[in-house]
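Here's start36.csv, which has CSV, C-alpha atoms:
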```csv
chain,number,residue,atom,x,y,z
A,1,MET,CA,53.5,75.5,30.0
A,2,ASP,CA,54.2,76.3,33.7
A,3,MET,CA,54.8,73.8,36.5
A,4,ARG,CA,51.2,73.8,37.7
A,5,THR,CA,50.1,72.7,34.3
A,6,VAL,CA,52.7,70.0,34.3
A,7,THR,CA,51.2,68.7,37.7
A,8,SER,CA,47.6,68.9,36.6
A,9,GLU,CA,48.3,67.2,33.3
A,10,ARG,CA,50.4,64.4,34.6
A,11,PRO,CA,49.2,61.0,33.0
A,12,ARG,CA,46.9,59.1,35.3
A,13,HIS,CA,49.0,55.9,35.2
A,14,LEU,CA,51.9,57.9,36.7
A,15,LYS,CA,49.7,59.3,39.5
A,16,ASP,CA,48.6,55.8,40.4
A,17,ASN,CA,52.1,54.3,40.2
A,18,SER,CA,53.4,57.0,42.5
A,19,THR,CA,51.2,55.7,45.3
A,20,SER,CA,52.2,52.1,44.8
A,21,ILE,CA,55.9,52.8,45.1
A,22,GLY,CA,55.5,55.1,48.1
A,23,PHE,CA,55.8,58.4,46.2
A,24,ASP,CA,54.3,61.3,48.2
A,25,THR,CA,51.9,63.0,45.7
A,26,GLU,CA,51.3,66.1,47.9
A,27,THR,CA,55.0,66.6,48.5
A,28,SER,CA,55.6,66.3,44.8
A,29,ARG,CA,53.0,69.0,44.1
A,30,ASP,CA,54.5,71.3,46.7
A,31,GLU,CA,57.9,70.9,45.1
A,32,PHE,CA,56.4,71.7,41.7
A,33,ARG,CA,54.8,74.9,43.2
A,34,ILE,CA,58.1,75.9,44.7
A,35,ALA,CA,59.9,75.4,41.5
A,36,ASP,CA,57.2,77.4,39.7
A,37,ALA,CA,57.5,80.3,42.1
A,38,GLN,CA,61.3,80.3,41.7
A,39,GLN,CA,60.9,80.2,38.0
A,40,GLN,CA,58.6,83.2,38.1
A,41,VAL,CA,61.0,85.2,40.2
A,42,GLN,CA,63.8,84.4,37.9
A,43,SER,CA,61.7,85.4,34.9
A,44,LEU,CA,60.8,88.7,36.5
A,45,THR,CA,64.4,89.6,37.3
A,46,GLY,CA,65.2,89.0,33.7
A,47,LEU,CA,62.6,91.4,32.4
A,48,ALA,CA,63.6,94.8,31.2
A,49,TRP,CA,60.8,96.2,33.4
A,50,SER,CA,62.6,95.0,36.6
A,51,HIS,CA,65.5,97.5,36.4
A,52,SER,CA,66.5,100.9,35.1
A,53,ASN,CA,70.1,100.2,34.2
A,54,GLU,CA,69.9,101.7,30.7
A,55,ALA,CA,68.4,104.9,32.1
A,56,SER,CA,70.7,105.2,35.2
A,57,ASN,CA,73.3,107.2,33.3
A,58,ASP,CA,71.2,108.9,30.6
A,59,PHE,CA,71.1,112.7,30.8
A,60,ARG,CA,69.8,113.2,27.2
A,61,SER,CA,66.2,113.7,28.4
A,62,ASP,CA,63.8,112.7,31.1
A,63,PHE,CA,61.8,110.6,28.6
A,64,PHE,CA,64.7,108.1,28.6
A,65,THR,CA,63.4,106.7,31.9
A,66,LYS,CA,62.3,103.1,32.0
A,67,PRO,CA,58.8,101.9,33.0
A,68,THR,CA,58.8,99.7,36.2
A,69,LEU,CA,57.4,96.4,37.4
A,70,PRO,CA,54.5,98.1,39.2
A,71,MET,CA,53.5,99.7,35.8
A,72,LEU,CA,53.7,96.3,34.2
A,73,GLU,CA,51.5,94.8,36.9
A,74,ALA,CA,49.0,97.6,36.3
A,75,ILE,CA,49.0,96.7,32.6
A,76,VAL,CA,48.4,93.0,33.4
A,77,THR,CA,45.5,93.7,35.7
A,78,THR,CA,43.9,96.6,33.7
A,79,SER,CA,40.5,96.5,32.0
A,80,LEU,CA,40.6,96.1,28.2
A,81,GLY,CA,37.6,98.1,27.0
A,82,ASP,CA,37.5,100.2,23.9
A,83,GLY,CA,38.9,103.7,24.5
A,84,ASP,CA,37.5,105.2,21.3
A,85,MET,CA,34.0,104.2,22.4
A,86,ASP,CA,34.6,105.4,26.1
A,87,GLU,CA,34.0,101.8,27.2
A,88,ASP,CA,37.2,101.2,29.2
A,89,THR,CA,36.7,101.6,32.9
A,90,THR,CA,40.3,102.2,33.7
A,91,THR,CA,40.7,104.9,31.1
A,92,ASN,CA,37.5,106.6,32.1
A,93,SER,CA,38.4,106.6,35.8
A,94,PHE,CA,41.9,107.9,35.0
A,95,GLN,CA,40.7,110.7,32.8
A,96,GLY,CA,38.4,111.8,35.6
A,97,TYR,CA,41.2,111.5,38.1
A,98,VAL,CA,43.6,113.8,36.2
A,99,ALA,CA,40.9,116.3,35.4
A,100,GLY,CA,40.2,116.5,39.1
A,101,LEU,CA,43.9,117.1,39.9
A,102,VAL,CA,43.9,120.3,37.8
A,103,GLY,CA,40.3,121.3,38.6
A,104,HIS,CA,39.0,120.8,35.1
A,105,GLU,CA,35.8,119.0,34.3
A,106,ALA,CA,37.0,116.5,31.6
A,107,ALA,CA,40.1,115.0,30.1
A,108,LEU,CA,41.2,113.0,27.1
A,109,LEU,CA,44.0,110.4,26.9
A,110,VAL,CA,46.3,110.7,24.0
A,111,VAL,CA,49.4,108.8,23.0
A,112,SER,CA,52.0,111.6,23.2
A,113,GLY,CA,52.6,115.2,24.2
A,114,THR,CA,52.9,116.4,20.7
A,115,MET,CA,49.6,114.8,19.8
A,116,GLY,CA,48.1,116.4,23.0
A,117,ASN,CA,49.3,119.9,22.1
A,118,GLN,CA,48.2,119.6,18.4
A,119,VAL,CA,44.8,118.2,19.3
A,120,ALA,CA,44.3,121.0,21.8
A,121,LEU,CA,45.3,123.7,19.5
A,122,ARG,CA,43.1,122.4,16.7
A,123,SER,CA,40.2,122.1,19.1
A,124,ALA,CA,40.7,125.7,20.3
A,125,LEU,CA,40.9,127.2,16.8
A,126,GLY,CA,38.0,127.7,14.4
A,127,THR,CA,38.5,128.8,10.9
A,128,PRO,CA,41.4,131.0,9.6
A,129,PRO,CA,42.6,133.7,9.9
A,130,HIS,CA,44.0,132.9,13.3
A,131,SER,CA,47.3,133.1,15.1
A,132,ILE,CA,48.9,131.5,18.1
A,133,LEU,CA,51.2,133.4,20.4
A,134,ALA,CA,54.0,131.5,22.1
A,135,ASP,CA,57.5,131.9,23.5
A,136,HIS,CA,60.0,131.5,20.7
A,137,ARG,CA,61.6,128.5,22.5
A,138,GLY,CA,58.3,126.7,22.9
A,139,HIS,CA,57.9,123.0,22.2
A,140,ILE,CA,55.0,123.6,19.8
A,141,ILE,CA,57.4,125.8,17.7
A,142,ILE,CA,60.7,124.0,17.6
A,143,LEU,CA,59.9,120.4,18.3
A,144,GLU,CA,56.5,119.5,16.8
A,145,ALA,CA,57.3,119.5,13.1
A,146,GLY,CA,55.4,122.7,12.5
A,147,GLY,CA,52.2,121.0,13.3
A,148,ALA,CA,50.1,124.1,14.2
A,149,SER,CA,50.8,125.6,10.8
A,150,SER,CA,50.2,122.5,8.7
A,151,LEU,CA,47.2,121.1,10.7
A,152,CYS,CA,45.5,124.3,11.7
A,153,GLY,CA,46.6,126.8,9.1
A,154,ALA,CA,47.7,129.0,12.0
A,155,LEU,CA,50.2,131.8,12.0
A,156,ILE,CA,52.7,131.3,14.8
A,157,LYS,CA,53.9,134.5,16.5
A,158,MET,CA,57.1,133.7,18.2
A,159,VAL,CA,57.9,136.1,21.1
A,160,VAL,CA,61.3,136.6,22.8
A,161,PRO,CA,60.7,137.4,26.5
A,162,SER,CA,61.9,141.0,27.2
A,163,ASN,CA,63.3,139.8,30.6
A,164,GLY,CA,65.2,136.9,29.0
A,165,HIS,CA,63.5,134.4,31.2
A,166,HIS,CA,59.7,134.1,30.7
A,167,LEU,CA,56.8,135.9,29.0
A,168,THR,CA,55.1,138.7,30.9
A,169,LEU,CA,51.8,140.4,30.3
A,170,ASP,CA,53.6,143.3,28.7
A,171,ASP,CA,55.1,140.9,26.1
A,172,ILE,CA,51.7,139.4,25.5
A,173,LYS,CA,50.0,142.8,25.0
A,174,LYS,CA,52.7,144.0,22.7
A,175,HIS,CA,52.6,141.0,20.4
A,176,SER,CA,48.9,140.0,20.4
A,177,THR,CA,46.6,141.0,17.6
A,178,ILE,CA,43.2,141.9,19.1
A,179,THR,CA,41.8,143.9,16.1
A,180,GLU,CA,39.8,142.2,13.4
A,181,THR,CA,40.2,144.3,10.3
A,182,ILE,CA,40.5,142.5,6.9
A,183,TYR,CA,44.3,143.0,7.3
A,184,ASP,CA,44.6,141.2,10.6
A,185,CYS,CA,45.4,137.7,11.8
A,186,PRO,CA,43.8,137.8,15.2
A,187,THR,CA,45.4,136.1,18.2
A,188,ARG,CA,43.0,133.2,19.2
A,189,VAL,CA,45.3,131.1,21.4
A,190,ILE,CA,48.1,132.0,23.8
A,191,CYS,CA,50.2,129.0,24.4
A,192,LEU,CA,52.4,129.0,27.5
A,193,GLU,CA,54.8,126.3,28.7
A,194,ASN,CA,55.8,125.5,32.2
A,195,THR,CA,58.4,124.4,32.8
A,196,LEU,CA,60.2,125.8,29.7
A,197,TRP,CA,63.7,124.6,29.3
A,198,GLY,CA,63.7,123.7,32.9
A,199,THR,CA,62.8,127.2,34.1
A,200,VAL,CA,59.6,128.0,36.0
A,201,MET,CA,57.2,130.6,34.9
A,202,PRO,CA,56.0,132.6,38.0
A,203,LEU,CA,52.3,132.0,38.9
A,204,SER,CA,51.7,135.7,39.2
A,205,ASP,CA,52.6,136.3,35.6
A,206,ILE,CA,50.5,133.4,34.4
A,207,ARG,CA,47.5,134.8,36.3
A,208,ALA,CA,48.0,138.2,34.9
A,209,ILE,CA,48.2,136.9,31.3
A,210,SER,CA,45.1,134.7,31.9
A,211,GLN,CA,43.0,137.5,33.3
A,212,TRP,CA,43.8,139.7,30.4
A,213,ALA,CA,43.3,137.0,27.7
A,214,HIS,CA,39.9,136.1,29.1
A,215,ALA,CA,38.8,139.7,29.3
A,216,GLN,CA,39.2,140.2,25.5
A,217,GLU,CA,36.3,140.0,23.1
A,218,PRO,CA,36.2,137.3,22.0
A,219,PRO,CA,38.2,135.7,24.9
A,220,ILE,CA,41.6,134.4,23.9
A,221,HIS,CA,42.0,130.6,24.6
A,222,MET,CA,44.7,129.9,27.1
A,223,HIS,CA,46.6,126.6,26.5
A,224,LEU,CA,49.4,125.2,28.6
A,225,ASP,CA,52.0,122.8,27.3
A,226,GLY,CA,52.4,121.3,30.7
A,227,ALA,CA,54.5,118.3,29.7
A,228,ARG,CA,56.8,119.1,32.6
A,229,LEU,CA,54.3,120.9,34.8
A,230,TRP,CA,55.0,118.2,37.4
A,231,GLU,CA,58.5,119.6,37.8
A,232,ALA,CA,57.2,123.2,38.5
A,233,VAL,CA,54.8,121.8,41.1
A,234,ALA,CA,57.6,119.7,42.7
A,235,ALA,CA,59.7,122.8,42.9
A,236,GLY,CA,57.0,124.5,44.9
A,237,ALA,CA,56.2,127.1,42.3
A,238,CYS,CA,52.5,126.4,42.2
A,239,THR,CA,49.9,123.7,42.7
A,240,LEU,CA,48.1,121.8,39.9
A,241,ARG,CA,44.8,123.4,40.7
A,242,GLU,CA,46.3,126.9,40.8
A,243,ILE,CA,47.5,126.3,37.3
A,244,GLY,CA,44.3,124.7,36.2
A,245,GLU,CA,42.4,127.9,37.1
A,246,CYS,CA,44.4,129.9,34.6
A,247,PHE,CA,44.0,127.7,31.5
A,248,ASP,CA,41.2,126.5,29.2
A,249,SER,CA,43.2,123.5,28.2
A,250,ILE,CA,46.3,121.7,29.6
A,251,GLN,CA,48.5,119.0,28.1
A,252,LEU,CA,50.3,116.8,30.7
A,253,CYS,CA,52.9,114.1,29.8
A,254,PHE,CA,53.3,110.9,31.6
A,255,THR,CA,56.7,109.8,30.1
A,256,LYS,CA,58.8,112.9,30.8
A,257,GLY,CA,60.1,112.6,34.3
A,258,LEU,CA,57.3,110.3,35.5
A,259,GLY,CA,58.6,107.3,33.5
A,260,ALA,CA,55.4,105.8,32.1
A,261,PRO,CA,55.9,103.8,28.9
A,262,ILE,CA,53.5,106.0,26.8
A,263,GLY,CA,50.9,108.6,27.0
A,264,SER,CA,49.8,112.2,27.7
A,265,ILE,CA,46.4,113.8,28.5
A,266,ILE,CA,44.5,116.9,27.6
A,267,THR,CA,42.2,118.6,30.2
A,268,GLY,CA,39.4,121.1,29.6
A,269,ASN,CA,35.7,121.5,29.8
A,270,PRO,CA,33.3,118.9,28.3
A,271,VAL,CA,32.6,120.9,25.1
A,272,PHE,CA,36.3,121.3,24.4
A,273,ILE,CA,37.0,117.6,25.1
A,274,LYS,CA,34.2,116.5,22.8
A,275,ARG,CA,35.8,118.5,20.0
A,276,ALA,CA,39.2,117.2,21.0
A,277,LYS,CA,38.0,113.6,20.3
A,278,TRP,CA,37.6,114.5,16.7
A,279,GLY,CA,41.1,115.9,16.6
A,280,ARG,CA,42.5,112.7,18.2
A,281,LYS,CA,40.6,110.6,15.7
A,282,LEU,CA,42.0,112.6,12.8
A,283,LEU,CA,45.6,112.2,14.0
A,284,GLY,CA,45.2,108.4,14.4
A,285,GLY,CA,45.2,108.5,18.2
A,286,SER,CA,42.2,106.3,18.9
A,287,THR,CA,43.1,103.2,20.9
A,288,ARG,CA,41.2,100.0,21.6
A,289,ALA,CA,42.4,98.5,24.9
A,290,SER,CA,43.3,102.0,26.2
A,291,GLY,CA,43.7,100.7,29.7
A,292,VAL,CA,47.2,99.5,28.8
A,293,ILE,CA,48.1,103.2,28.5
A,294,ALA,CA,46.1,104.6,31.4
A,295,ALA,CA,47.0,102.0,34.0
A,296,PRO,CA,50.8,102.5,34.1
A,297,ALA,CA,50.3,106.3,33.8
A,298,ARG,CA,48.3,106.3,37.0
A,299,VAL,CA,51.1,104.4,38.7
A,300,ALA,CA,53.6,107.0,37.3
A,301,ILE,CA,51.6,109.8,38.9
A,302,ASP,CA,51.1,108.1,42.2
A,303,ASP,CA,54.6,106.5,42.7
A,304,VAL,CA,56.8,109.1,41.1
A,305,PHE,CA,55.1,112.5,41.3
A,306,PHE,CA,53.2,112.0,44.6
A,307,GLY,CA,56.1,109.8,45.8
A,308,GLY,CA,58.5,112.8,45.8
A,309,LYS,CA,60.9,111.3,43.4
A,310,LEU,CA,61.1,114.4,41.2
A,311,ASN,CA,62.4,116.4,44.1
A,312,ALA,CA,65.3,114.1,44.5
A,313,ALA,CA,66.2,114.5,40.8
A,314,GLN,CA,66.0,118.2,41.0
A,315,ASP,CA,68.3,118.2,44.0
A,316,LYS,CA,70.9,116.3,42.1
A,317,ALA,CA,70.6,118.8,39.2
A,318,LYS,CA,71.1,121.8,41.5
A,319,ARG,CA,74.1,120.1,43.2
A,320,ALA,CA,75.7,119.3,39.9
A,321,SER,CA,75.0,122.8,38.6
A,322,ALA,CA,76.6,124.3,41.6
A,323,LEU,CA,79.7,122.1,41.1
A,324,TRP,CA,80.0,123.1,37.5
A,325,GLN,CA,80.0,126.8,38.4
A,326,ARG,CA,82.3,126.3,41.3
A,327,LEU,CA,84.8,124.6,39.0
A,328,GLY,CA,84.7,127.7,36.6
A,329,GLY,CA,82.0,126.4,34.2
A,330,LYS,CA,79.3,128.8,32.9
A,331,LEU,CA,75.6,128.3,32.5
A,332,LEU,CA,73.3,129.5,29.7
A,333,ILE,CA,70.3,129.8,32.1
A,334,PRO,CA,69.8,129.2,35.8
A,335,THR,CA,69.1,125.7,37.0
A,336,GLU,CA,65.6,125.8,38.6
A,337,THR,CA,64.3,122.3,38.3
A,338,ASN,CA,65.8,119.2,36.6
A,339,MET,CA,67.8,120.7,33.7
A,340,ILE,CA,71.3,122.1,33.5
A,341,TRP,CA,72.1,124.2,30.5
A,342,LEU,CA,75.9,124.3,30.0
A,343,ASP,CA,77.5,127.2,28.1
A,344,LEU,CA,80.5,125.2,26.8
A,345,GLU,CA,81.9,128.1,24.8
A,346,ALA,CA,81.9,130.5,27.8
A,347,SER,CA,83.4,127.7,29.8
A,348,GLY,CA,86.3,127.4,27.4
A,349,LEU,CA,85.3,124.0,26.0
A,350,THR,CA,84.5,122.8,22.5
A,351,PRO,CA,82.0,120.0,21.8
A,352,GLU,CA,84.9,117.8,20.8
A,353,GLU,CA,86.4,118.3,24.3
A,354,PHE,CA,83.1,117.5,26.0
A,355,TYR,CA,80.9,114.9,24.5
A,356,PRO,CA,83.5,112.2,23.6
A,357,VAL,CA,85.0,112.5,27.1
A,358,ALA,CA,81.5,112.0,28.6
A,359,THR,CA,81.3,108.7,26.9
A,360,LYS,CA,84.6,107.6,28.6
A,361,PHE,CA,82.9,108.3,31.9
A,362,HIS,CA,80.0,106.1,30.8
A,363,LEU,CA,77.6,109.1,30.7
A,364,LYS,CA,75.0,109.6,28.0
A,365,VAL,CA,74.8,113.3,27.1
A,366,GLY,CA,74.1,115.2,23.8
A,367,GLU,CA,71.4,114.7,21.2
A,368,PRO,CA,68.5,115.4,20.8
A,369,ILE,CA,69.5,118.8,22.3
A,370,LEU,CA,73.1,119.7,22.8
A,371,GLY,CA,74.3,121.6,25.9
A,372,ARG,CA,71.5,120.2,28.1
A,373,LEU,CA,71.7,117.7,30.9
A,374,VAL,CA,68.3,116.4,32.1
A,375,PHE,CA,68.0,114.7,35.5
A,376,HIS,CA,65.4,112.1,36.3
A,377,TYR,CA,64.6,109.9,39.3
A,378,GLN,CA,66.4,106.9,37.8
A,379,ILE,CA,69.8,108.7,37.7
A,380,THR,CA,71.8,106.7,40.4
A,381,ASP,CA,74.1,108.1,43.0
A,382,GLU,CA,77.0,106.2,41.4
A,383,THR,CA,76.3,108.0,38.1
A,384,PHE,CA,76.0,111.3,39.9
A,385,THR,CA,79.5,110.8,41.3
A,386,ARG,CA,80.9,110.0,37.8
A,387,LEU,CA,79.3,113.1,36.5
A,388,CYS,CA,81.0,115.2,39.1
A,389,ASP,CA,84.3,113.5,38.3
A,390,PHE,CA,83.7,114.2,34.6
A,391,PHE,CA,83.0,117.9,35.3
A,392,SER,CA,86.2,118.1,37.2
A,393,HIS,CA,88.1,116.4,34.4
A,394,VAL,CA,86.9,118.6,31.6
A,395,LEU,CA,87.3,121.8,33.5
A,396,LYS,CA,90.9,120.8,34.5
A,397,ASP,CA,90.2,121.0,38.2
A,398,ARG,CA,91.3,117.8,39.9
A,399,GLY,CA,90.7,119.0,43.4
A,400,SER,CA,88.6,116.5,45.4
A,401,GLN,CA,87.4,119.1,47.9
A,402,ALA,CA,85.1,120.8,45.6
A,403,ILE,CA,83.5,117.5,44.6
A,404,CYS,CA,83.1,116.3,48.2
A,405,ASN,CA,81.4,119.5,49.2
A,406,ILE,CA,78.8,119.1,46.6
A,407,VAL,CA,78.4,115.3,46.4
A,408,HIS,CA,78.0,114.8,50.2
```
With the file now loaded, output its structure as structure tokens.
Amino acid sequence: MDMRTVTSERPRHLKDNSTSIGFDTETSRDEFRIADAQQQVQSLTGLAWSHSNEASNDFRSDFFTKPTLPMLEAIVTTSLGDGDMDEDTTTNSFQGYVAGLVGHEAALLVVSGTMGNQVALRSALGTPPHSILADHRGHIIILEAGGASSLCGALIKMVVPSNGHHLTLDDIKKHSTITETIYDCPTRVICLENTLWGTVMPLSDIRAISQWAHAQEPPIHMHLDGARLWEAVAAGACTLREIGECFDSIQLCFTKGLGAPIGSIITGNPVFIKRAKWGRKLLGGSTRASGVIAAPARVAIDDVFFGGKLNAAQDKAKRASALWQRLGGKLLIPTETNMIWLDLEASGLTPEEFYPVATKFHLKVGEPILGRLVFHYQITDETFTRLCDFFSHVLKDRGSQAICNIVH
């Protein structure tokens, strides 16, 4: 019961007595309103939504971000229609909004990136035999519990990029199966990922692969695991619409980097999205009051992506990476967006010399993927300074000049 309720439900005899003894009723009500407002402010500052303290030193992944008060406000004010029946106005508007961002005709809200990828792959594939071609490091291969094999009966062809960085058209041509004899398992889907391990796939290579795939008979479906496509766009490598032109379906995540509490989306044409609704239903992804997912996701896109906050995180990652190398540390791959991949062995360090010490510096690093530091917009400047001190400590270089040149 809030203070306004207390005022409105005050017993009548007390109201009458207040006048007889000179009690100012209007003043009393104002005092109650002030107390109510103060109580609301205090309650908001106590909410987990009001701060990102737990995420401020967490480098394990960019899905360890915390949702914000504006996201909570969006949830409180959202519509509460049935998402499964396409009756929620917030969800319908949001799906159209994201489809428009990538230049596709339709979109479908799902609860996670893994569900988005698996629904998209199942929707793109018909009956076996069929195969999916993807980079051997791809999320659909190493981090989705073998879903494409178990759910779609698909053969996964894992390709190691010949250039050590990203797949090219030559890689695709070499490993695709475009014949259809009784011995073949034809390539029906090419699944690319951008960013992949924090690295950017050049738009020119994506376009070349897309043009070749769509020229085949039958055309090969192009799917993008774009969970972190936001990062590639923020880095200036492409626009959302340039990417949308190359793919038949795209999965975009709203938690990784953007900080929404839940949700991803699939984009494509109306026929594809209609089929995807069956896949979502099959995997238990139907939601009733779906606006509670869509509303904070819209805030995440507008406030974090379009607000330029990914760029600041990428800047921190590149500065920290430069410091690591300046102090004699080695990298597994270049730092292109928000991830640093440390080569501990080449840097002369063991895991026991690295991870326990990070804890002493109040830094969260390590599992689920070792050797990786992921930056996000809620990493604070104070945490960044501690990270630089930690790098200096483990690499046995206590010189402050190297740190100052990078930090400031």
Identify, on the basis of all atoms listed in the file, every residue whose closest approach to region 194-208 of chain A does not exceed 10 Å; exclude the query and any residue fewer than 4 positions from it along the same chain; express the result as a PyMOL selection string.
-> chain A and resi 135+137-139+165-170+212-213+222+224-233+235-239+242-243+245-247+333-341+372+374
Dump as a ChimeraX atom specification all residues having an atom at most 12 Å from (51.5, 113.8, 36.6), computed in the file's coordinates with only C-alpha atoms.
-> /A:94-95,97-102,226-234,239-240,250-260,263-266,294,296-310
What gap, in Å, lies between CA of Ile142 (chain A) and CA of Gly113 (chain A)?
->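 Computing it gives 13.7 Å between the two atoms.
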Just want the 12 Å neighbourhood of Leu331 (chain A), counted on all atoms listed in the file, with same-chain residues fewer than 4 positions away dropped. Output as a PDB file with C-alpha atoms, keeping the file's coordinate frame.
```
ATOM      1  CA  LYS A 318      71.100 121.800  41.500  1.00  0.00           C
ATOM      2  CA  ALA A 320      75.700 119.300  39.900  1.00  0.00           C
ATOM      3  CA  SER A 321      75.000 122.800  38.600  1.00  0.00           C
ATOM      4  CA  ALA A 322      76.600 124.300  41.600  1.00  0.00           C
ATOM      5  CA  LEU A 323      79.700 122.100  41.100  1.00  0.00           C
ATOM      6  CA  TRP A 324      80.000 123.100  37.500  1.00  0.00           C
ATOM      7  CA  GLN A 325      80.000 126.800  38.400  1.00  0.00           C
ATOM      8  CA  ARG A 326      82.300 126.300  41.300  1.00  0.00           C
ATOM      9  CA  LEU A 327      84.800 124.600  39.000  1.00  0.00           C
ATOM     10  CA  THR A 335      69.100 125.700  37.000  1.00  0.00           C
ATOM     11  CA  GLU A 336      65.600 125.800  38.600  1.00  0.00           C
ATOM     12  CA  MET A 339      67.800 120.700  33.700  1.00  0.00           C
ATOM     13  CA  ILE A 340      71.300 122.100  33.500  1.00  0.00           C
ATOM     14  CA  TRP A 341      72.100 124.200  30.500  1.00  0.00           C
ATOM     15  CA  LEU A 342      75.900 124.300  30.000  1.00  0.00           C
ATOM     16  CA  ASP A 343      77.500 127.200  28.100  1.00  0.00           C
ATOM     17  CA  LEU A 344      80.500 125.200  26.800  1.00  0.00           C
ATOM     18  CA  GLU A 345      81.900 128.100  24.800  1.00  0.00           C
ATOM     19  CA  ALA A 346      81.900 130.500  27.800  1.00  0.00           C
ATOM     20  CA  SER A 347      83.400 127.700  29.800  1.00  0.00           C
ATOM     21  CA  GLY A 348      86.300 127.400  27.400  1.00  0.00           C
ATOM     22  CA  GLY A 371      74.300 121.600  25.900  1.00  0.00           C
ATOM     23  CA  ARG A 372      71.500 120.200  28.100  1.00  0.00           C
ATOM     24  CA  LEU A 373      71.700 117.700  30.900  1.00  0.00           C
TER      25      LEU A 373
END
```
Spatial neighbours of Cys388 (chain A), 7 Å, all atoms listed in the file, chain gap at least 3 places, as a list of chain:residue names =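 The residues that qualify are A:Ala320, A:Phe384, A:Thr385, A:Phe391, A:Ser392, A:Ile403.
Comparing A:Asp62, A:Glu367, A:Glu54, A:Asp86 by their smallest distance to Pro351 (chain A), the closest is A:Glu367 (using all atoms listed in the file).
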Closest of A:Trp49, A:Ser56, A:Arg280, A:Asn311 to Thr380 (chain A) - atom-to-atom distances counting all atoms listed in the file |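 Answer, going by the shortest atom-to-atom distance: A:Ser56.
Pairwise distance (CA of Asp381 (chain A), CA of Asn57 (chain A)) equals 9.8 Å.
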Minimum-distance residue to Gly83 (chain A), chosen among A:Leu282, A:Leu47, A:Cys191, A:Leu108 (using only C-alpha atoms) |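 Between A:Leu282, A:Leu47, A:Cys191, A:Leu108, the residue approaching Gly83 (chain A) most closely is A:Leu108.
Between CA of Ser123 (chain A) and CA of Asp84 (chain A) the separation is 17.3 Å.
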